Amino acid sequence: MGERPCGGVTPRPGRGGQQGHYPRTFLRDVPSRSPGPLALEGTERELRPHWDAMVRWREALHRDPELSNHEERTREKVLGALRSLGIRGTAFGPGFGVVGVIAPRARGTCVLLRADMDALPVTEETGAPFASTNAAMHACGHDIHMAALLGAAARLKVVEEELPGPVKLLFQPAEEEGHVGGALPMIRAGVLERAPRVDRVFGLHVDYLLPLGSFGFCPGPMMAAPDHVEITVEGRGGHAAYPQAGVDPVVLASEIILALQTLISRERAPTDPVVLSITHVSAGSKDNIIPDRVWMEGTLRTFRPETRRRMAERIRARADGIARSAGGRARVAVTRGYPPTVNDPAVTTLLEAAFRRDFPQRVRRMTDPLLGAEDFSYFLEKKPGMFLRLGTSDGAGGSANAHSSKFLPDPRALLAGAASHLLAVRALQAGPGSR
């Protein structure tokens, strides 16, 4: 019969969206997992009836991860889970995205909630009973993101008739792709403008540096623009015993790598965060041969548009100048990635106040932006909204570095993540500027 949809649930006729509607066949193999010592607060209490379902969804998604632009099985799992809730989900492309709408006929503010779907090319070493069965891994927490959004959808379906405006659920592929990503194709395909038209956007990401169940807020610039840097250094190869007869591109490449760091220390203000890392170098084939060329690549992370432009120009000038000074040549390509992730200050202030009322001890104000990147930035360029950091640090697998083979957030993060989506919908549909 093929892959069972995530949860494998068939909705009972006429019962979609009601609390406790999950069939026994869905939950019979799922232990009743207590949320643990993290005391349920505020909105989390509403999600208790959906706890087992969220855990089941998360484990099914984690066990069978897929890389960017290959999320076909993941899409089917998400579509199956939405069907189990009585929510009509549709495939949305290009790519393997899914869109669902709750309260589609409501006339108030439409809020888009987004979860990313793709995994990373990492071999899992968590030892979890639901560990990945292939060469990919949800090492960035996207399994938590999807299951938390499904949990929020379950509760929103219960209260659908009370919602003043529509809620658009977007399960987005290819966030990890790094350059175009999945958000921009979704926007170009009309995900924000197709009825119901989106007014506000909200998304979140797990954060292993924040305590489990806490919420990180950052008004304004929050995450960096990631640009790809590629440099080819051309020299004149020959016998390694007679370097004077050629132009050694390995030495030139070494000088360029070191010199590029002075761009960071001497050509930008210390208050303007920038990272330039050369991470991959390829040269030569044998110990006694000087190669003709060296190829290398890395990443440039910036926040300010003028800094982004100037750093790209200076990388080209510095690399070419060093190479030409010794008779070589450097070809530099700087390919733009995602834009910076910039939270709308008014939306962030509104949501932070709402979260502080519901979770007075668990809100964290982030004073320093992150040099990581996110294609949710494309949504924030188009609509007012906010991107939240969801704490997973628990002293165990949830505290391992993201993108590592041992990253495994505690399932209790599902409750906080789902509660975040609920709070965002309620605050944005009732706050200033709502319809």
# chains A, B, ... in the order shown; residues from 1 in each chain; ligands from 1

call {"tool": "residues_around", "arguments": {"residues": "range 331-339 of chain A", "least_positions_apart": "5", "cutoff": "7 Å", "atoms": "only C-alpha atoms", "output": "ChimeraX atom specification"}}
result
/A:178-180,225-233,312,316,374-375,377-378

call {"tool": "select_by_dssp", "arguments": {"residues": "range 341-415 of chain A", "states": "alpha helix (DSSP H)", "output": "JSON, numbers by chain"}}
result
{"A": [345, 346, 347, 348, 349, 350, 351, 352, 353, 354, 355, 356, 357, 358, 377, 378, 379, 380, 381, 382, 413, 414, 415]}

call {"tool": "atom_distance", "arguments": {"atom1": "CA of Met54 in chain A", "atom2": "CA of Pro411 in chain A"}}
result
8.7 Å

call {"tool": "residues_around", "arguments": {"residues": "Gly182 in chain A", "least_positions_apart": "5", "cutoff": "8 Å", "atoms": "only C-alpha atoms", "output": "short mmCIF file (atom, residue, chain, number, x, y, z; two decimals) with N, CA and C atoms, in the first residue's frame"}}
result
data_model
loop_
_atom_site.label_atom_id
_atom_site.label_comp_id
_atom_site.auth_asym_id
_atom_site.auth_seq_id
_atom_site.Cartn_x
_atom_site.Cartn_y
_atom_site.Cartn_z
N GLY A 95 8.09 22.70 -6.22
CA GLY A 95 8.61 21.99 -5.06
C GLY A 95 7.52 21.16 -4.42
N GLN A 172 6.78 24.38 4.12
CA GLN A 172 7.64 24.87 3.04
C GLN A 172 8.87 24.00 2.84
N PRO A 173 9.16 23.59 1.61
CA PRO A 173 10.36 22.81 1.35
C PRO A 173 11.60 23.69 1.19
N ALA A 174 12.75 23.03 1.19
CA ALA A 174 14.02 23.60 0.68
C ALA A 174 14.54 24.82 1.43
N GLU A 175 14.27 24.94 2.72
CA GLU A 175 14.86 26.06 3.46
C GLU A 175 16.38 25.93 3.53
N GLU A 177 18.35 24.85 1.35
CA GLU A 177 18.99 24.89 0.03
C GLU A 177 20.07 25.97 -0.03
N ASP A 375 15.42 31.57 5.10
CA ASP A 375 14.68 32.11 3.97
C ASP A 375 13.29 32.61 4.35
#

call {"tool": "closest_atom_pairs", "arguments": {"of": "range 218-269 of chain A", "to": "range 291-311 of chain A", "cutoff": "10 Å", "atoms": "only C-alpha atoms", "output": "CSV"}}
result
residue,atom,partner,partner_atom,distance
A:Pro221,CA,A:Phe303,CA,7.2
A:Met222,CA,A:Phe303,CA,8.7
A:Met223,CA,A:Phe303,CA,7.5
A:Ala224,CA,A:Phe303,CA,5.1
A:Ala225,CA,A:Thr302,CA,5.4
A:Pro226,CA,A:Arg301,CA,4.8
A:Asp227,CA,A:Leu300,CA,5.1
A:His228,CA,A:Thr299,CA,4.9
A:Val229,CA,A:Gly298,CA,5.1
A:Glu230,CA,A:Glu297,CA,4.3
A:Ile231,CA,A:Met296,CA,5.4
A:Thr232,CA,A:Trp295,CA,4.5
A:Val233,CA,A:Val294,CA,5.1
A:Glu234,CA,A:Arg293,CA,4.4
A:Gly235,CA,A:Asp292,CA,5.2
A:Arg236,CA,A:Asp292,CA,5.0
A:Gly237,CA,A:Asp292,CA,4.3
A:Gly238,CA,A:Pro291,CA,6.9
A:His239,CA,A:Pro291,CA,9.0
A:Ala240,CA,A:Pro291,CA,9.0
A:Gly246,CA,A:Asp292,CA,9.1
A:Val247,CA,A:Asp292,CA,8.2
A:Asp248,CA,A:Pro291,CA,7.3
A:Pro249,CA,A:Arg293,CA,5.6
A:Val250,CA,A:Val294,CA,6.3
A:Val251,CA,A:Val294,CA,9.6
A:Leu252,CA,A:Val294,CA,8.9
A:Ala253,CA,A:Val294,CA,6.9
A:Ser254,CA,A:Val294,CA,9.9
A:Ile257,CA,A:Met296,CA,9.4
A:Leu260,CA,A:Met311,CA,9.8
A:Leu263,CA,A:Met311,CA,7.7
A:Ile264,CA,A:Met311,CA,8.8
A:Glu267,CA,A:Met311,CA,8.7
A:Arg268,CA,A:Thr307,CA,7.9
A:Ala269,CA,A:Thr307,CA,9.7

call {"tool": "write_last_selection", "arguments": {"atoms": "N, CA and C atoms", "output": "compact mmCIF listing (two decimals), in the first residue's frame"}}
result
# COMPACT_ATOMS: atom_id res chain seq x y z
N PRO A 221 16.68 43.62 12.79
CA PRO A 221 17.55 42.59 12.20
C PRO A 221 17.83 41.46 13.18
N MET A 222 17.56 40.24 12.75
CA MET A 222 17.69 39.08 13.63
C MET A 222 18.70 38.06 13.11
N MET A 223 18.72 37.86 11.78
CA MET A 223 19.63 36.90 11.18
C MET A 223 20.24 37.50 9.93
N ALA A 224 21.38 36.97 9.53
CA ALA A 224 22.20 37.60 8.50
C ALA A 224 21.83 37.18 7.09
N ALA A 225 22.35 37.93 6.12
CA ALA A 225 22.30 37.54 4.72
C ALA A 225 23.51 36.65 4.44
N PRO A 226 23.30 35.42 3.91
CA PRO A 226 24.42 34.51 3.64
C PRO A 226 24.78 34.51 2.16
N ASP A 227 25.93 35.01 1.80
CA ASP A 227 26.37 35.01 0.42
C ASP A 227 27.49 34.00 0.21
N HIS A 228 27.46 33.35 -0.94
CA HIS A 228 28.44 32.32 -1.26
C HIS A 228 29.63 32.95 -2.00
N VAL A 229 30.82 32.68 -1.49
CA VAL A 229 32.05 33.22 -2.07
C VAL A 229 32.83 32.09 -2.73
N GLU A 230 33.19 32.27 -3.99
CA GLU A 230 33.97 31.27 -4.72
C GLU A 230 35.16 31.96 -5.37
N ILE A 231 36.35 31.45 -5.11
CA ILE A 231 37.58 32.07 -5.62
C ILE A 231 38.41 30.99 -6.32
N THR A 232 38.81 31.28 -7.55
CA THR A 232 39.75 30.42 -8.27
C THR A 232 41.05 31.20 -8.47
N VAL A 233 42.13 30.67 -7.92
CA VAL A 233 43.45 31.30 -8.04
C VAL A 233 44.23 30.56 -9.11
N GLU A 234 44.65 31.27 -10.14
CA GLU A 234 45.38 30.66 -11.25
C GLU A 234 46.85 31.07 -11.21
N GLY A 235 47.72 30.09 -11.33
CA GLY A 235 49.16 30.36 -11.38
C GLY A 235 49.79 29.66 -12.58
N ARG A 236 50.98 29.16 -12.37
CA ARG A 236 51.68 28.40 -13.43
C ARG A 236 52.37 27.23 -12.75
N GLY A 237 51.83 26.04 -12.99
CA GLY A 237 52.31 24.87 -12.27
C GLY A 237 53.64 24.36 -12.78
N GLY A 238 54.13 23.32 -12.09
CA GLY A 238 55.40 22.72 -12.48
C GLY A 238 55.91 21.79 -11.41
N HIS A 239 57.20 21.52 -11.45
CA HIS A 239 57.84 20.62 -10.50
C HIS A 239 57.98 21.34 -9.15
N ALA A 240 57.60 20.63 -8.08
CA ALA A 240 57.64 21.25 -6.76
C ALA A 240 59.07 21.52 -6.29
N GLY A 246 57.81 28.70 -11.73
CA GLY A 246 56.38 28.87 -11.96
C GLY A 246 55.79 29.92 -11.03
N VAL A 247 54.50 29.93 -10.94
CA VAL A 247 53.76 30.79 -10.01
C VAL A 247 52.88 29.86 -9.17
N ASP A 248 53.18 29.75 -7.89
CA ASP A 248 52.52 28.77 -7.03
C ASP A 248 51.17 29.29 -6.54
N PRO A 249 50.05 28.75 -7.06
CA PRO A 249 48.74 29.25 -6.64
C PRO A 249 48.37 28.83 -5.22
N VAL A 250 49.03 27.81 -4.68
CA VAL A 250 48.75 27.40 -3.31
C VAL A 250 49.22 28.47 -2.34
N VAL A 251 50.43 29.00 -2.58
CA VAL A 251 50.93 30.08 -1.72
C VAL A 251 50.06 31.32 -1.86
N LEU A 252 49.68 31.63 -3.11
CA LEU A 252 48.81 32.80 -3.31
C LEU A 252 47.47 32.62 -2.62
N ALA A 253 46.90 31.43 -2.71
CA ALA A 253 45.62 31.18 -2.06
C ALA A 253 45.74 31.32 -0.54
N SER A 254 46.86 30.86 0.00
CA SER A 254 47.09 31.00 1.45
C SER A 254 47.16 32.47 1.85
N ILE A 257 43.60 33.94 1.74
CA ILE A 257 42.76 33.55 2.88
C ILE A 257 43.08 34.40 4.10
N LEU A 260 42.05 38.17 3.58
CA LEU A 260 40.62 38.45 3.62
C LEU A 260 40.13 38.72 5.04
N LEU A 263 39.92 42.30 6.09
CA LEU A 263 38.72 43.04 5.71
C LEU A 263 37.76 43.14 6.89
N ILE A 264 37.71 42.07 7.68
CA ILE A 264 36.82 42.05 8.84
C ILE A 264 37.38 42.92 9.96
N GLU A 267 38.43 46.90 7.87
CA GLU A 267 37.69 47.64 6.85
C GLU A 267 36.18 47.67 7.10
N ARG A 268 35.78 47.39 8.33
CA ARG A 268 34.37 47.57 8.67
C ARG A 268 34.32 47.96 10.15
N ALA A 269 33.24 48.63 10.53
CA ALA A 269 33.11 49.10 11.91
C ALA A 269 32.90 47.91 12.85

call {"tool": "closest_residue", "arguments": {"among": "A:Gly216, A:Pro360, A:Gly127, A:Pro121", "to": "Pro65 in chain A", "atoms": "only C-alpha atoms"}}
result
A:Pro121

call {"tool": "atom_distance", "arguments": {"atom1": "CA of Gly433 in chain A", "atom2": "CA of Asn343 in chain A"}}
result
16.4 Å

call {"tool": "closest_atom_pairs", "arguments": {"of": "range 194-266 of chain A", "to": "range 157-167 of chain A", "cutoff": "12 Å", "atoms": "only C-alpha atoms", "output": "Markdown table"}}
result
| residue | atom | partner | partner_atom | distance |
| --- | --- | --- | --- | --- |
| A:Ala195 | CA | A:Pro166 | CA | 9.8 |
| A:Pro196 | CA | A:Pro166 | CA | 7.0 |
| A:Arg197 | CA | A:Pro166 | CA | 9.0 |
| A:Val198 | CA | A:Val167 | CA | 8.6 |
| A:Asp199 | CA | A:Pro166 | CA | 9.9 |
| A:Arg200 | CA | A:Val167 | CA | 9.9 |
| A:Val201 | CA | A:Val167 | CA | 10.0 |
| A:Phe202 | CA | A:Val167 | CA | 10.8 |

call {"tool": "write_last_selection", "arguments": {"atoms": "N, CA and C atoms", "output": "PDB file, in the first residue's frame"}}
result
ATOM      1  N   ALA A 195      -6.192  33.775  -2.463  1.00  0.00           N
ATOM      2  CA  ALA A 195      -7.198  33.820  -1.408  1.00  0.00           C
ATOM      3  C   ALA A 195      -7.080  32.601  -0.489  1.00  0.00           C
ATOM      4  N   PRO A 196      -7.163  32.885   0.826  1.00  0.00           N
ATOM      5  CA  PRO A 196      -7.254  34.204   1.453  1.00  0.00           C
ATOM      6  C   PRO A 196      -5.903  34.916   1.451  1.00  0.00           C
ATOM      7  N   ARG A 197      -5.919  36.196   1.144  1.00  0.00           N
ATOM      8  CA  ARG A 197      -4.693  36.977   1.039  1.00  0.00           C
ATOM      9  C   ARG A 197      -4.082  37.178   2.425  1.00  0.00           C
ATOM     10  N   VAL A 198      -2.780  36.935   2.527  1.00  0.00           N
ATOM     11  CA  VAL A 198      -2.081  36.995   3.818  1.00  0.00           C
ATOM     12  C   VAL A 198      -1.823  38.433   4.229  1.00  0.00           C
ATOM     13  N   ASP A 199      -2.099  38.736   5.506  1.00  0.00           N
ATOM     14  CA  ASP A 199      -1.821  40.061   6.063  1.00  0.00           C
ATOM     15  C   ASP A 199      -0.594  40.073   6.973  1.00  0.00           C
ATOM     16  N   ARG A 200      -0.377  38.997   7.735  1.00  0.00           N
ATOM     17  CA  ARG A 200       0.734  38.902   8.676  1.00  0.00           C
ATOM     18  C   ARG A 200       1.364  37.524   8.559  1.00  0.00           C
ATOM     19  N   VAL A 201       2.654  37.438   8.893  1.00  0.00           N
ATOM     20  CA  VAL A 201       3.365  36.157   8.808  1.00  0.00           C
ATOM     21  C   VAL A 201       4.064  35.871  10.131  1.00  0.00           C
ATOM     22  N   PHE A 202       4.171  34.572  10.449  1.00  0.00           N
ATOM     23  CA  PHE A 202       4.843  34.152  11.685  1.00  0.00           C
ATOM     24  C   PHE A 202       5.537  32.821  11.437  1.00  0.00           C
TER      25      PHE A 202
END

call {"tool": "residues_around", "arguments": {"residues": "Ala131 in chain A", "least_positions_apart": "5", "cutoff": "10 Å", "atoms": "only C-alpha atoms", "output": "list in words"}}
result
Glu59, Ala60, Leu61, His62, Arg63, Asp64, Pro65, Thr123, Glu124, Glu125, Thr126, Met137, His138 and Leu408 of chain A

call {"tool": "write_last_selection", "arguments": {"atoms": "C-alpha atoms", "output": "short mmCIF file (atom, residue, chain, number, x, y, z; two decimals), in the first residue's frame"}}
result
data_model
loop_
_atom_site.label_atom_id
_atom_site.label_comp_id
_atom_site.auth_asym_id
_atom_site.auth_seq_id
_atom_site.Cartn_x
_atom_site.Cartn_y
_atom_site.Cartn_z
CA GLU A 59 8.70 10.68 15.21
CA ALA A 60 7.30 9.68 11.82
CA LEU A 61 8.82 12.75 10.19
CA HIS A 62 12.15 12.33 11.96
CA ARG A 63 12.44 8.68 10.98
CA ASP A 64 12.17 9.38 7.25
CA PRO A 65 13.85 12.73 6.45
CA THR A 123 24.22 10.61 9.33
CA GLU A 124 22.33 10.46 12.61
CA GLU A 125 24.07 9.31 15.81
CA THR A 126 21.41 10.04 18.44
CA MET A 137 18.74 13.71 9.25
CA HIS A 138 16.47 16.35 10.75
CA LEU A 408 17.67 15.73 19.14
#

call {"tool": "closest_residue", "arguments": {"among": "A:Ala346, A:Ala418, A:Leu204, A:Ala91", "to": "Ala154 in chain A", "atoms": "only C-alpha atoms"}}
result
A:Ala418

call {"tool": "closest_residue", "arguments": {"among": "A:Ala259, A:Val191, A:Ile87, A:Leu67", "to": "Pro104 in chain A", "atoms": "only C-alpha atoms"}}
result
A:Ile87

call {"tool": "residues_around", "arguments": {"residues": "Arg114 in chain A", "least_positions_apart": "6", "cutoff": "6 Å", "atoms": "only C-alpha atoms", "output": "number ranges by chain"}}
result
A: 170-171, 203

call {"tool": "closest_residue", "arguments": {"among": "A:Val111, A:Ala323, A:Ala189, A:Val99", "to": "Arg426 in chain A", "atoms": "only C-alpha atoms"}}
result
A:Val111

call {"tool": "atom_distance", "arguments": {"atom1": "CA of Thr341 in chain A", "atom2": "CA of Phe407 in chain A"}}
result
23.7 Å

call {"tool": "select_by_dssp", "arguments": {"residues": "range 16-149 of chain A", "states": "strand (DSSP E or B)", "output": "number ranges by chain"}}
result
A: 67, 89-92, 97-102, 111-116, 119-120, 137

call {"tool": "write_last_selection", "arguments": {"atoms": "C-alpha atoms", "output": "CSV table (one decimal), in the first residue's frame"}}
result
chain,number,residue,atom,x,y,z
A,67,LEU,CA,16.8,16.6,1.5
A,89,GLY,CA,-4.4,20.4,2.5
A,90,THR,CA,-3.2,20.9,-1.0
A,91,ALA,CA,0.2,20.4,-2.7
A,92,PHE,CA,1.6,23.8,-3.5
A,97,GLY,CA,5.1,22.5,-0.4
A,98,VAL,CA,1.7,22.0,1.3
A,99,VAL,CA,-0.9,24.7,2.1
A,100,GLY,CA,-3.9,24.3,4.4
A,101,VAL,CA,-6.4,27.0,5.4
A,102,ILE,CA,-8.5,27.1,8.6
A,111,VAL,CA,-2.1,35.0,9.4
A,112,LEU,CA,0.3,32.7,7.7
A,113,LEU,CA,2.1,30.2,9.9
A,114,ARG,CA,5.1,28.5,8.3
A,115,ALA,CA,7.1,25.4,9.1
A,116,ASP,CA,10.0,24.2,7.0
A,119,ALA,CA,16.5,17.7,6.3
A,120,LEU,CA,20.3,17.8,6.1
A,137,MET,CA,18.7,13.7,9.2

call {"tool": "closest_residue", "arguments": {"among": "A:Leu370, A:Leu414, A:Leu169, A:Ala39", "to": "Arg56 in chain A", "atoms": "only C-alpha atoms"}}
result
A:Leu414
